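Below is one structure, written out as structure tokens, with a few remarks after it.
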There are 2 protein chains.
Amino acid sequence: MKIGVDAMGGDFAPGVVIEGLAQALVDFPDIEVVLAGHKERVEFYLEKYGLTGHDRIELVHAPTVCEMSEQSAVSLRSKRDSSITALAKLLKEKKIDAMATPGHTGATVAATKVLVRTLPGIDRPALAASMPSKEGRFLLMDAGANPDCTPLNLTQFALMGNIYAQYLYRRERPRVGLLSVGGEDIKGNDLTKETFKRLEQLPINFIGNVEADAAFEGGVDVVVSDGFAGNVMLKGAEGLARATVHWLKKVMTKNAVRLVGAVLAKNAFVELKSFGASDVIGGAPLLGINGICIIGHGGSNPTAVRNAIRVSAECVKFGLNQRIVNAIEAAGDVAKLQKFPPENAANQQ
Amino acid sequence: MKIGVDAMGGDFAPGVVIEGLAQALVDFPDIEVVLAGHKERVEFYLEKYGLTGHDRIELVHAPTVCEMSEQSAVSLRSKRDSSITALAKLLKEKKIDAMATPGHTGATVAATKVLVRTLPGIDRPALAASMPSKEGRFLLMDAGANPDCTPLNLTQFALMGNIYAQYLYRRERPRVGLLSVGGEDIKGNDLTKETFKRLEQLPINFIGNVEADAAFEGGVDVVVSDGFAGNVMLKGAEGLARATVHWLKKVMTKNAVRLVGAVLAKNAFVELKSFGASDVIGGAPLLGINGICIIGHGGSNPTAVRNAIRVSAECVKFGLNQRIVNAIEAAGDVAKLQKFPPENAANQQ
């Protein structure tokens with residue numbers, strides 16, 4: 001099995017990527033790696049971690065980098081020889097089975113959408129982010145790939161999320177909810193009300209509307225959303241978590257007694273951070289493209305990189321994409337792109 | 001000045017409301033109160049807090065209650081004699097200057113929309129929730145009154161939020177941002193892209209798009225959003241905050257050393273909670289209706305009730321609604337309802 005790895009992705013590339021790769025090569029003896037990145041810079045770190053000339057690493061020179069601050073459409077147009085574009089091309093040509101990048105989400109989504117395209121029957125791919133809850137974790141999708149969505153898109157997200165949750169959470173019948181709003185006379189917006197009717201018809205365990213606060217309580221495995229609201233929920237959670245750490249430091253260091261308490265409870269705070277940690281998961285898959293693509297957090301550590309590679313390989317073994325194609329096929333007309341009359345199809349772009 | 005107070009609102013009514021009212025009557029000698037609620041139940045608590053026959057309290061009998069679990073449209077239709085409906089009627093007839101309820105957000109939004117109606121020139125009212133950030137606080141609006149919005153709605157929310165932030169945060173030129181998403185080749189969705197162009201034309205301090213995580217960092221006073229994404233952000237933050245407290249308890253009680261640390265730092269945790277506390281603010285105003293209406297959290301304590309009454313009175317003195325009408329008038333065509341051609345106007349319902 002060949003996994004493409006973006007050596008230039010993330011805030012600490014390529015060092016962190018190569019360190020994570022070194023772990024992955026030891027832990028997963030059945031994978032081969034195609035490493036895309038700036039040759040000289042990558043080779044420096046390969047030597048550092050004793051991987052020079054490794055028989056399971058093939059290096060592809062991709063000199064330019066999609067900086068985290070760049071607009072992704074610009075990246076795609078002006079940086080045809082970036083590591084992300086190189087991997088997307090290899091994925092399209094089936095020269096690799098999957099790709100993993102701890103990098104630029106927007107650039108990766110744009111490159112794979114344009115170059116790799118979607119699976120047969122899928123209108124739009126969606127980013128599936130695994131979020132912590134009191135109970136365990138839940139999958140939020142779309143976490144940001146599509147700012148505007150149709151009911152068909154959300155219906156397909158529900159089917160794809162259902163399959164991915166079967167793999168990720170080892171649940172036979174994941175509980176699938178529709179992200180919505182309450183406290184109002186009409187529950188939800190036009191999009192969710194129309195989507196609700198479709199999700200009821202799917203052969204999945206649809207548990208109805210779920211509010212954002214309820215999702216963090218647990219009781220749901222897949223939270224289906226358009227990419228705008230999903231991204232607001234994801235980014236809002238990240239922002240609040242950082243603010244909470246900031247407030248916690250502030251109140252814990254206010255006097256000597258509290259400070260002693262903080263020192264005694266230090267390991268507890270380290271453990272607290274682990275609830276939100278993304279390194280166990282490695283990254284979020286972009287579900288629905290015609291290939292496996294795992295996108296890690298820009299701040300990925302070596303363990304996250306190692307696990308992104310692991311998840312990529314596991315998705316290939318799981319037959320994720322064939323299962324998705326089968327599920328869309330089996331779901332009936334509510335989830336099918338071609339069954340829609342032309343006047344609706346026009347709205348799907 | 002007459003403030004209408006919903007005695008039956010919130011999870012701990014009417015006891016908590018009357019206790020908060022007792023504080024407010026002492027602290028704010030220039031207000032009179034019209035108390036709406038179930039006569040016998042309210043009188044029991046009035047007696048308990050020594051307020052029986054108080055010369056600044058007028059009691060209006062409203063026998064039925066909008067339970068927090070009820071759908072609000074149902075509440076409005078079937079419960080014409082609820083405390084919320086009673087106050088909305090008094091507000092419409094200008095028999096009270098403002099109303100405050102620690103109660104059912106959906107029922108209050110529905111009742112005031114239907115009975116009190118919007119200010120001249122305003123299409124939709126919006127709920128303005130004050131959220132904590134590292135730097136201080138920011139106003140999120142709409143926090144849930146309108147699941148579907150137009151660019152005109154968001155433009156008016158920006159103007160209304162700007163005025164309210166001038167009062168609430170004592171800032172002459174609040175920094176107004178548009179809630180959007182990044183990490184994608186196209187920044188924002190159709191709604192925010194269209195809204196962005198309008199906000200640039202307003203005579204306010206518009207600072208551009210703001211992502212949900214950046215809002216929690218600070219640097220913005222008003223975050224403009226449709227009510228769906230806004231509610232997801234608000235509820236998501238509430239849910240994550242509760243989950244964090246849950247995780248914190250779990251990790252702090254794992255062994256004796258941590259437990260000692262937790263006891264020593266106990267006050268720090270109490271203080272930590274205060275960052276998210278809504279009781280200082282009292283509640284979120286529903287901006288844009290033809291009257292002042294402050295909606296508190298269902299879990300309001302007496303201090304929150306007292307402050308909701310305070311904020312109601314302060315908004316009246318500030319001349320909030322006249323300022324909003326003036327701002328809409330001064331903003332030019334981009335913020336005006338009547339300036340839109342009929343084909344667009346049809347979409348605004």
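Each chain of the structure tokens is named A, B, ... in the order shown, its residues numbered from 1; ligands are numbered from 1 in display order.
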Listing only residues of chain A within 7 Å of chain B, what is the closest atom pair and its distance in Å (to one decimal) for each, using only C-alpha atoms, sorted by chain and residue number ascending, as JSON lines?
```
{"residue": "A:Gln71", "atom": "CA", "partner": "B:Asp185", "partner_atom": "CA", "distance": 6.1}
{"residue": "A:Ser72", "atom": "CA", "partner": "B:Asp185", "partner_atom": "CA", "distance": 4.7}
{"residue": "A:Ala73", "atom": "CA", "partner": "B:Asp185", "partner_atom": "CA", "distance": 4.8}
{"residue": "A:Thr105", "atom": "CA", "partner": "B:Gly183", "partner_atom": "CA", "distance": 5.7}
{"residue": "A:Gly106", "atom": "CA", "partner": "B:Glu184", "partner_atom": "CA", "distance": 3.9}
{"residue": "A:Ala107", "atom": "CA", "partner": "B:Asp185", "partner_atom": "CA", "distance": 7.0}
{"residue": "A:Ala110", "atom": "CA", "partner": "B:Asp185", "partner_atom": "CA", "distance": 6.4}
{"residue": "A:Ser133", "atom": "CA", "partner": "B:Ala243", "partner_atom": "CA", "distance": 6.7}
{"residue": "A:Lys134", "atom": "CA", "partner": "B:Ala243", "partner_atom": "CA", "distance": 5.5}
{"residue": "A:Ala145", "atom": "CA", "partner": "B:Glu184", "partner_atom": "CA", "distance": 6.5}
{"residue": "A:Pro147", "atom": "CA", "partner": "B:Asn189", "partner_atom": "CA", "distance": 4.8}
{"residue": "A:Asp148", "atom": "CA", "partner": "B:Asn189", "partner_atom": "CA", "distance": 5.5}
{"residue": "A:Val181", "atom": "CA", "partner": "B:Asn231", "partner_atom": "CA", "distance": 6.4}
{"residue": "A:Gly183", "atom": "CA", "partner": "B:Gly106", "partner_atom": "CA", "distance": 4.4}
{"residue": "A:Glu184", "atom": "CA", "partner": "B:Gly106", "partner_atom": "CA", "distance": 3.9}
{"residue": "A:Asp185", "atom": "CA", "partner": "B:Ser72", "partner_atom": "CA", "distance": 4.7}
{"residue": "A:Gly188", "atom": "CA", "partner": "B:Pro147", "partner_atom": "CA", "distance": 6.1}
{"residue": "A:Asn189", "atom": "CA", "partner": "B:Pro147", "partner_atom": "CA", "distance": 4.8}
{"residue": "A:Asp190", "atom": "CA", "partner": "B:Asp148", "partner_atom": "CA", "distance": 6.9}
{"residue": "A:Ala212", "atom": "CA", "partner": "B:Gly236", "partner_atom": "CA", "distance": 4.6}
{"residue": "A:Asp213", "atom": "CA", "partner": "B:Gly239", "partner_atom": "CA", "distance": 3.8}
{"residue": "A:Ala214", "atom": "CA", "partner": "B:Gly239", "partner_atom": "CA", "distance": 6.6}
{"residue": "A:Phe216", "atom": "CA", "partner": "B:Gly239", "partner_atom": "CA", "distance": 5.4}
{"residue": "A:Glu217", "atom": "CA", "partner": "B:Ala243", "partner_atom": "CA", "distance": 6.8}
{"residue": "A:Phe228", "atom": "CA", "partner": "B:Val181", "partner_atom": "CA", "distance": 6.4}
{"residue": "A:Ala229", "atom": "CA", "partner": "B:Ala229", "partner_atom": "CA", "distance": 5.0}
{"residue": "A:Asn231", "atom": "CA", "partner": "B:Val181", "partner_atom": "CA", "distance": 6.4}
{"residue": "A:Val232", "atom": "CA", "partner": "B:Ala212", "partner_atom": "CA", "distance": 5.5}
{"residue": "A:Met233", "atom": "CA", "partner": "B:Met233", "partner_atom": "CA", "distance": 5.7}
{"residue": "A:Lys235", "atom": "CA", "partner": "B:Asp213", "partner_atom": "CA", "distance": 4.8}
{"residue": "A:Gly236", "atom": "CA", "partner": "B:Ala212", "partner_atom": "CA", "distance": 4.6}
{"residue": "A:Ala237", "atom": "CA", "partner": "B:Ala237", "partner_atom": "CA", "distance": 6.5}
{"residue": "A:Glu238", "atom": "CA", "partner": "B:Asp213", "partner_atom": "CA", "distance": 6.0}
{"residue": "A:Gly239", "atom": "CA", "partner": "B:Asp213", "partner_atom": "CA", "distance": 3.8}
{"residue": "A:Leu240", "atom": "CA", "partner": "B:Phe216", "partner_atom": "CA", "distance": 6.0}
{"residue": "A:Ala243", "atom": "CA", "partner": "B:Lys134", "partner_atom": "CA", "distance": 5.5}
{"residue": "A:Trp247", "atom": "CA", "partner": "B:Leu272", "partner_atom": "CA", "distance": 6.4}
{"residue": "A:Leu248", "atom": "CA", "partner": "B:Leu272", "partner_atom": "CA", "distance": 6.4}
{"residue": "A:Val251", "atom": "CA", "partner": "B:Ala268", "partner_atom": "CA", "distance": 5.0}
{"residue": "A:Met252", "atom": "CA", "partner": "B:Ala268", "partner_atom": "CA", "distance": 5.6}
{"residue": "A:Val257", "atom": "CA", "partner": "B:Leu264", "partner_atom": "CA", "distance": 6.0}
{"residue": "A:Arg258", "atom": "CA", "partner": "B:Ala265", "partner_atom": "CA", "distance": 4.3}
{"residue": "A:Val260", "atom": "CA", "partner": "B:Gly261", "partner_atom": "CA", "distance": 6.9}
{"residue": "A:Gly261", "atom": "CA", "partner": "B:Gly261", "partner_atom": "CA", "distance": 3.6}
{"residue": "A:Ala262", "atom": "CA", "partner": "B:Gly261", "partner_atom": "CA", "distance": 6.0}
{"residue": "A:Leu264", "atom": "CA", "partner": "B:Gly261", "partner_atom": "CA", "distance": 4.9}
{"residue": "A:Ala265", "atom": "CA", "partner": "B:Arg258", "partner_atom": "CA", "distance": 4.3}
{"residue": "A:Ala268", "atom": "CA", "partner": "B:Val251", "partner_atom": "CA", "distance": 5.0}
{"residue": "A:Glu271", "atom": "CA", "partner": "B:Val251", "partner_atom": "CA", "distance": 6.7}
{"residue": "A:Leu272", "atom": "CA", "partner": "B:Leu248", "partner_atom": "CA", "distance": 6.4}
```
May I have the residues from that selection written out with C-alpha atoms, as a PDB file, in the first residue's frame?
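Listed below is the output, out-v7.pdb:
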```pdb
ATOM      1  CA  GLN A  71      -5.679  31.933   0.006  1.00  0.00           C
ATOM      2  CA  SER A  72      -6.066  28.423  -1.328  1.00  0.00           C
ATOM      3  CA  ALA A  73      -7.378  29.279  -4.799  1.00  0.00           C
ATOM      4  CA  THR A 105      -7.040  22.623   4.553  1.00  0.00           C
ATOM      5  CA  GLY A 106      -8.291  25.071   1.940  1.00  0.00           C
ATOM      6  CA  ALA A 107      -5.527  24.305  -0.552  1.00  0.00           C
ATOM      7  CA  ALA A 110      -9.330  22.929  -3.632  1.00  0.00           C
ATOM      8  CA  SER A 133     -18.064  15.161  23.871  1.00  0.00           C
ATOM      9  CA  LYS A 134     -18.752  14.230  27.512  1.00  0.00           C
ATOM     10  CA  ALA A 145     -15.309  22.336   2.755  1.00  0.00           C
ATOM     11  CA  PRO A 147     -19.865  27.129   2.682  1.00  0.00           C
ATOM     12  CA  ASP A 148     -23.082  26.713   0.676  1.00  0.00           C
ATOM     13  CA  VAL A 181     -31.280  25.381  16.217  1.00  0.00           C
ATOM     14  CA  GLY A 183     -35.493  28.088  21.083  1.00  0.00           C
ATOM     15  CA  GLU A 184     -37.406  29.410  18.118  1.00  0.00           C
ATOM     16  CA  ASP A 185     -40.899  28.935  16.760  1.00  0.00           C
ATOM     17  CA  GLY A 188     -34.086  25.012  11.840  1.00  0.00           C
ATOM     18  CA  ASN A 189     -33.605  26.939   8.624  1.00  0.00           C
ATOM     19  CA  ASP A 190     -34.927  26.211   5.134  1.00  0.00           C
ATOM     20  CA  ALA A 212     -24.776  22.348  19.145  1.00  0.00           C
ATOM     21  CA  ASP A 213     -24.813  22.163  22.966  1.00  0.00           C
ATOM     22  CA  ALA A 214     -26.460  18.727  22.950  1.00  0.00           C
ATOM     23  CA  PHE A 216     -21.123  18.085  23.342  1.00  0.00           C
ATOM     24  CA  GLU A 217     -23.254  16.167  25.870  1.00  0.00           C
ATOM     25  CA  PHE A 228     -20.522  27.206   7.105  1.00  0.00           C
ATOM     26  CA  ALA A 229     -22.293  26.331  10.366  1.00  0.00           C
ATOM     27  CA  ASN A 231     -16.904  25.431  10.484  1.00  0.00           C
ATOM     28  CA  VAL A 232     -18.349  27.973  12.936  1.00  0.00           C
ATOM     29  CA  MET A 233     -18.930  25.133  15.429  1.00  0.00           C
ATOM     30  CA  LYS A 235     -13.577  27.000  15.016  1.00  0.00           C
ATOM     31  CA  GLY A 236     -15.747  28.292  17.855  1.00  0.00           C
ATOM     32  CA  ALA A 237     -14.854  25.221  19.934  1.00  0.00           C
ATOM     33  CA  GLU A 238     -11.140  25.668  19.173  1.00  0.00           C
ATOM     34  CA  GLY A 239     -11.314  29.349  20.078  1.00  0.00           C
ATOM     35  CA  LEU A 240     -13.226  28.800  23.302  1.00  0.00           C
ATOM     36  CA  ALA A 243      -9.670  31.105  25.759  1.00  0.00           C
ATOM     37  CA  TRP A 247      -8.592  32.120  31.741  1.00  0.00           C
ATOM     38  CA  LEU A 248      -7.495  29.043  33.682  1.00  0.00           C
ATOM     39  CA  VAL A 251      -7.131  32.533  37.762  1.00  0.00           C
ATOM     40  CA  MET A 252      -4.710  29.794  38.868  1.00  0.00           C
ATOM     41  CA  VAL A 257      -2.353  29.109  47.461  1.00  0.00           C
ATOM     42  CA  ARG A 258      -3.897  28.688  44.042  1.00  0.00           C
ATOM     43  CA  VAL A 260       0.379  25.447  44.871  1.00  0.00           C
ATOM     44  CA  GLY A 261      -2.944  23.894  43.903  1.00  0.00           C
ATOM     45  CA  ALA A 262      -2.079  24.325  40.245  1.00  0.00           C
ATOM     46  CA  LEU A 264      -0.286  19.675  42.540  1.00  0.00           C
ATOM     47  CA  ALA A 265      -2.949  19.316  39.873  1.00  0.00           C
ATOM     48  CA  ALA A 268      -4.765  16.919  35.569  1.00  0.00           C
ATOM     49  CA  GLU A 271      -4.884  15.280  30.876  1.00  0.00           C
ATOM     50  CA  LEU A 272      -7.619  17.885  30.378  1.00  0.00           C
TER      51      LEU A 272
END
```
Check: Using the chain letters and numbers from this document, which residues of stretch 75-222 of chain A does DSSP assign to strand (DSSP E or B), as an MDAnalysis selection string?
Finding: chainID A and resid 82 98:101 118 126:132 137:141 175:179 205:210 222
Note to self: For stretch 313-322 of chain A, find every residue with an atom within 8 Å (counting only C-alpha atoms), except residues of its own chain fewer than 6 positions away, and show them as a PyMOL selection string.
What the structure shows: chain A and resi 1+3+31+97-98+119+163-164+167+288+290-292
Preceding selection exported with C-alpha atoms as a CSV table (one decimal), in the first residue's frame:
```csv
chain,number,residue,atom,x,y,z
A,1,MET,CA,0.0,0.0,0.0
A,3,ILE,CA,0.5,6.5,1.1
A,31,ILE,CA,3.0,0.7,4.0
A,97,ASP,CA,-3.7,4.7,-2.5
A,98,ALA,CA,-4.2,7.6,-0.1
A,119,LEU,CA,-16.7,9.6,-6.3
A,163,ILE,CA,-19.8,4.9,7.0
A,164,TYR,CA,-16.8,6.8,8.4
A,167,TYR,CA,-14.8,2.7,10.9
A,288,GLY,CA,-16.4,11.9,-1.1
A,290,ASN,CA,-12.2,9.7,-5.6
A,291,GLY,CA,-9.3,8.7,-3.3
A,292,ILE,CA,-8.5,8.7,0.4
```
Margin query: as an MDAnalysis selection string, please: every residue in stretch 10-234 of chain B that a backbone DSSP assignment puts in helix (DSSP H, G or I).
Written below: chainID B and resid 15:27 39:48 72:78 83:92 105:116 151:168 190:199 212:217 227:234
Next item on the list: Write out as number ranges by chain each polymer residue whose atoms come within 12 Å of A:Gln23, counting only C-alpha atoms; drop sequence neighbours fewer than 5 positions from it.
Entry: A: 16-18, 28-29, 49-51, 301-310
Using only C-alpha atoms, what table do you get, as a Markdown table, when you list each residue of stretch 109-149 of chain B with an atom no more than 9 Å from stretch 80-94 of chain B, its nearest pair of atoms, and their distance in Å rounded to one decimal, rows by chain then rising number?
```
| residue | atom | partner | partner_atom | distance |
| --- | --- | --- | --- | --- |
| B:Ala111 | CA | B:Thr85 | CA | 6.0 |
| B:Thr112 | CA | B:Ala88 | CA | 5.6 |
| B:Leu115 | CA | B:Ala88 | CA | 6.3 |
| B:Val116 | CA | B:Lys92 | CA | 4.7 |
| B:Arg117 | CA | B:Lys92 | CA | 8.0 |
```
Any chance you could export the current selection's C-alpha atoms as an mmCIF file, in the first residue's frame?
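The result, written out as result-v3.cif:
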```cif
data_model
loop_
_atom_site.group_PDB
_atom_site.id
_atom_site.type_symbol
_atom_site.label_atom_id
_atom_site.label_comp_id
_atom_site.auth_asym_id
_atom_site.auth_seq_id
_atom_site.Cartn_x
_atom_site.Cartn_y
_atom_site.Cartn_z
ATOM 1 C CA ALA B 111 -44.825 36.948 20.834
ATOM 2 C CA THR B 112 -42.955 40.224 20.371
ATOM 3 C CA LEU B 115 -47.639 41.605 18.827
ATOM 4 C CA VAL B 116 -45.055 44.381 19.223
ATOM 5 C CA ARG B 117 -43.765 44.310 15.623
#
```
Shell of 7 Å around A:Thr101, only C-alpha atoms, local chain residues under 6 positions omitted, as an mmCIF file with all heavy atoms, in the first residue's frame:
```cif
data_model
loop_
_atom_site.group_PDB
_atom_site.id
_atom_site.type_symbol
_atom_site.label_atom_id
_atom_site.label_comp_id
_atom_site.auth_asym_id
_atom_site.auth_seq_id
_atom_site.Cartn_x
_atom_site.Cartn_y
_atom_site.Cartn_z
ATOM 1 N N VAL A 5 2.589 11.357 1.464
ATOM 2 C CA VAL A 5 2.693 12.204 2.658
ATOM 3 C C VAL A 5 3.253 13.572 2.261
ATOM 4 O O VAL A 5 4.269 13.666 1.577
ATOM 5 C CB VAL A 5 3.595 11.546 3.728
ATOM 6 C CG1 VAL A 5 3.785 12.479 4.920
ATOM 7 C CG2 VAL A 5 2.998 10.221 4.188
ATOM 8 N N ASP A 6 2.562 14.610 2.694
ATOM 9 C CA ASP A 6 2.965 15.985 2.396
ATOM 10 C C ASP A 6 4.006 16.444 3.406
ATOM 11 O O ASP A 6 3.675 16.783 4.547
ATOM 12 C CB ASP A 6 1.722 16.883 2.446
ATOM 13 C CG ASP A 6 2.069 18.346 2.267
ATOM 14 O OD1 ASP A 6 3.198 18.647 1.834
ATOM 15 O OD2 ASP A 6 1.202 19.190 2.554
ATOM 16 N N GLY A 9 3.611 20.217 4.773
ATOM 17 C CA GLY A 9 2.358 20.683 5.384
ATOM 18 C C GLY A 9 2.495 20.971 6.869
ATOM 19 O O GLY A 9 3.261 20.314 7.572
ATOM 20 N N ILE A 294 -6.501 12.481 4.001
ATOM 21 C CA ILE A 294 -6.612 12.842 5.420
ATOM 22 C C ILE A 294 -5.900 14.176 5.636
ATOM 23 O O ILE A 294 -4.718 14.319 5.312
ATOM 24 C CB ILE A 294 -5.979 11.764 6.335
ATOM 25 C CG1 ILE A 294 -6.547 10.369 6.039
ATOM 26 C CG2 ILE A 294 -6.147 12.141 7.809
ATOM 27 C CD1 ILE A 294 -7.996 10.169 6.392
ATOM 28 N N ILE A 295 -6.636 15.154 6.177
ATOM 29 C CA ILE A 295 -6.067 16.485 6.403
ATOM 30 C C ILE A 295 -5.889 16.715 7.892
ATOM 31 O O ILE A 295 -6.876 16.748 8.640
ATOM 32 C CB ILE A 295 -6.974 17.581 5.805
ATOM 33 C CG1 ILE A 295 -7.261 17.277 4.326
ATOM 34 C CG2 ILE A 295 -6.318 18.955 5.965
ATOM 35 C CD1 ILE A 295 -8.237 18.249 3.676
ATOM 36 N N GLY A 296 -4.638 16.859 8.317
ATOM 37 C CA GLY A 296 -4.360 17.064 9.731
ATOM 38 C C GLY A 296 -4.424 18.533 10.116
ATOM 39 O O GLY A 296 -4.576 19.413 9.263
#
```
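Nearest to B:Ile324 of all the residues B:Leu127, B:Gly283, B:Val176, B:Thr118 is B:Thr118, based on only C-alpha atoms.
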Item checked: For atom CA of B:Lys2 and atom CA of B:Cys293, the interatomic separation in Å (one decimal) -> 12.5 Å
Next item on the list: Just the residues within 10 Å of stretch 199-207 of chain B, please, counting only C-alpha atoms, with nothing from its chain fewer than 2 positions along; format it as number ranges by chain.
Entry: B: 151-152, 154-156, 158-159, 162-163, 172-178, 192, 194-197, 209-210, 219-220, 222, 327-328, 330-335
Okay, now the selection with C-alpha atoms, as a PDB file, in the first residue's frame?
```pdb
ATOM      1  CA  PRO B 151     -27.998  40.462   3.308  1.00  0.00           C
ATOM      2  CA  LEU B 152     -30.367  43.313   4.278  1.00  0.00           C
ATOM      3  CA  LEU B 154     -27.423  41.221   8.410  1.00  0.00           C
ATOM      4  CA  THR B 155     -26.758  44.834   7.407  1.00  0.00           C
ATOM      5  CA  GLN B 156     -29.436  45.996   9.833  1.00  0.00           C
ATOM      6  CA  ALA B 158     -24.666  45.343  12.098  1.00  0.00           C
ATOM      7  CA  LEU B 159     -26.178  48.792  12.621  1.00  0.00           C
ATOM      8  CA  ASN B 162     -23.131  48.825  16.721  1.00  0.00           C
ATOM      9  CA  ILE B 163     -25.538  50.987  18.740  1.00  0.00           C
ATOM     10  CA  GLU B 172     -17.648  55.062  20.860  1.00  0.00           C
ATOM     11  CA  ARG B 173     -16.734  53.178  17.679  1.00  0.00           C
ATOM     12  CA  PRO B 174     -17.263  49.462  18.267  1.00  0.00           C
ATOM     13  CA  ARG B 175     -15.328  47.114  15.981  1.00  0.00           C
ATOM     14  CA  VAL B 176     -17.933  45.308  13.889  1.00  0.00           C
ATOM     15  CA  GLY B 177     -16.987  42.014  12.188  1.00  0.00           C
ATOM     16  CA  LEU B 178     -18.862  39.610   9.936  1.00  0.00           C
ATOM     17  CA  THR B 192     -21.744  36.696   3.836  1.00  0.00           C
ATOM     18  CA  GLU B 194     -23.146  39.715  -0.433  1.00  0.00           C
ATOM     19  CA  THR B 195     -23.393  41.163   3.082  1.00  0.00           C
ATOM     20  CA  PHE B 196     -19.687  42.064   3.117  1.00  0.00           C
ATOM     21  CA  LYS B 197     -20.181  44.513   0.238  1.00  0.00           C
ATOM     22  CA  ASN B 209     -14.642  38.916   8.218  1.00  0.00           C
ATOM     23  CA  VAL B 210     -14.084  37.323  11.618  1.00  0.00           C
ATOM     24  CA  GLY B 219     -10.315  42.396  18.875  1.00  0.00           C
ATOM     25  CA  VAL B 220     -13.967  42.587  17.866  1.00  0.00           C
ATOM     26  CA  VAL B 222     -19.869  43.009  17.419  1.00  0.00           C
ATOM     27  CA  ALA B 327     -28.935  54.906  12.346  1.00  0.00           C
ATOM     28  CA  ILE B 328     -31.013  53.034   9.779  1.00  0.00           C
ATOM     29  CA  ALA B 330     -28.648  57.699   8.183  1.00  0.00           C
ATOM     30  CA  ALA B 331     -27.068  54.566   6.729  1.00  0.00           C
ATOM     31  CA  GLY B 332     -28.307  55.048   3.204  1.00  0.00           C
ATOM     32  CA  ASP B 333     -29.935  52.692   0.756  1.00  0.00           C
ATOM     33  CA  VAL B 334     -27.931  49.553   1.648  1.00  0.00           C
ATOM     34  CA  ALA B 335     -29.747  49.321   4.982  1.00  0.00           C
TER      35      ALA B 335
END
```
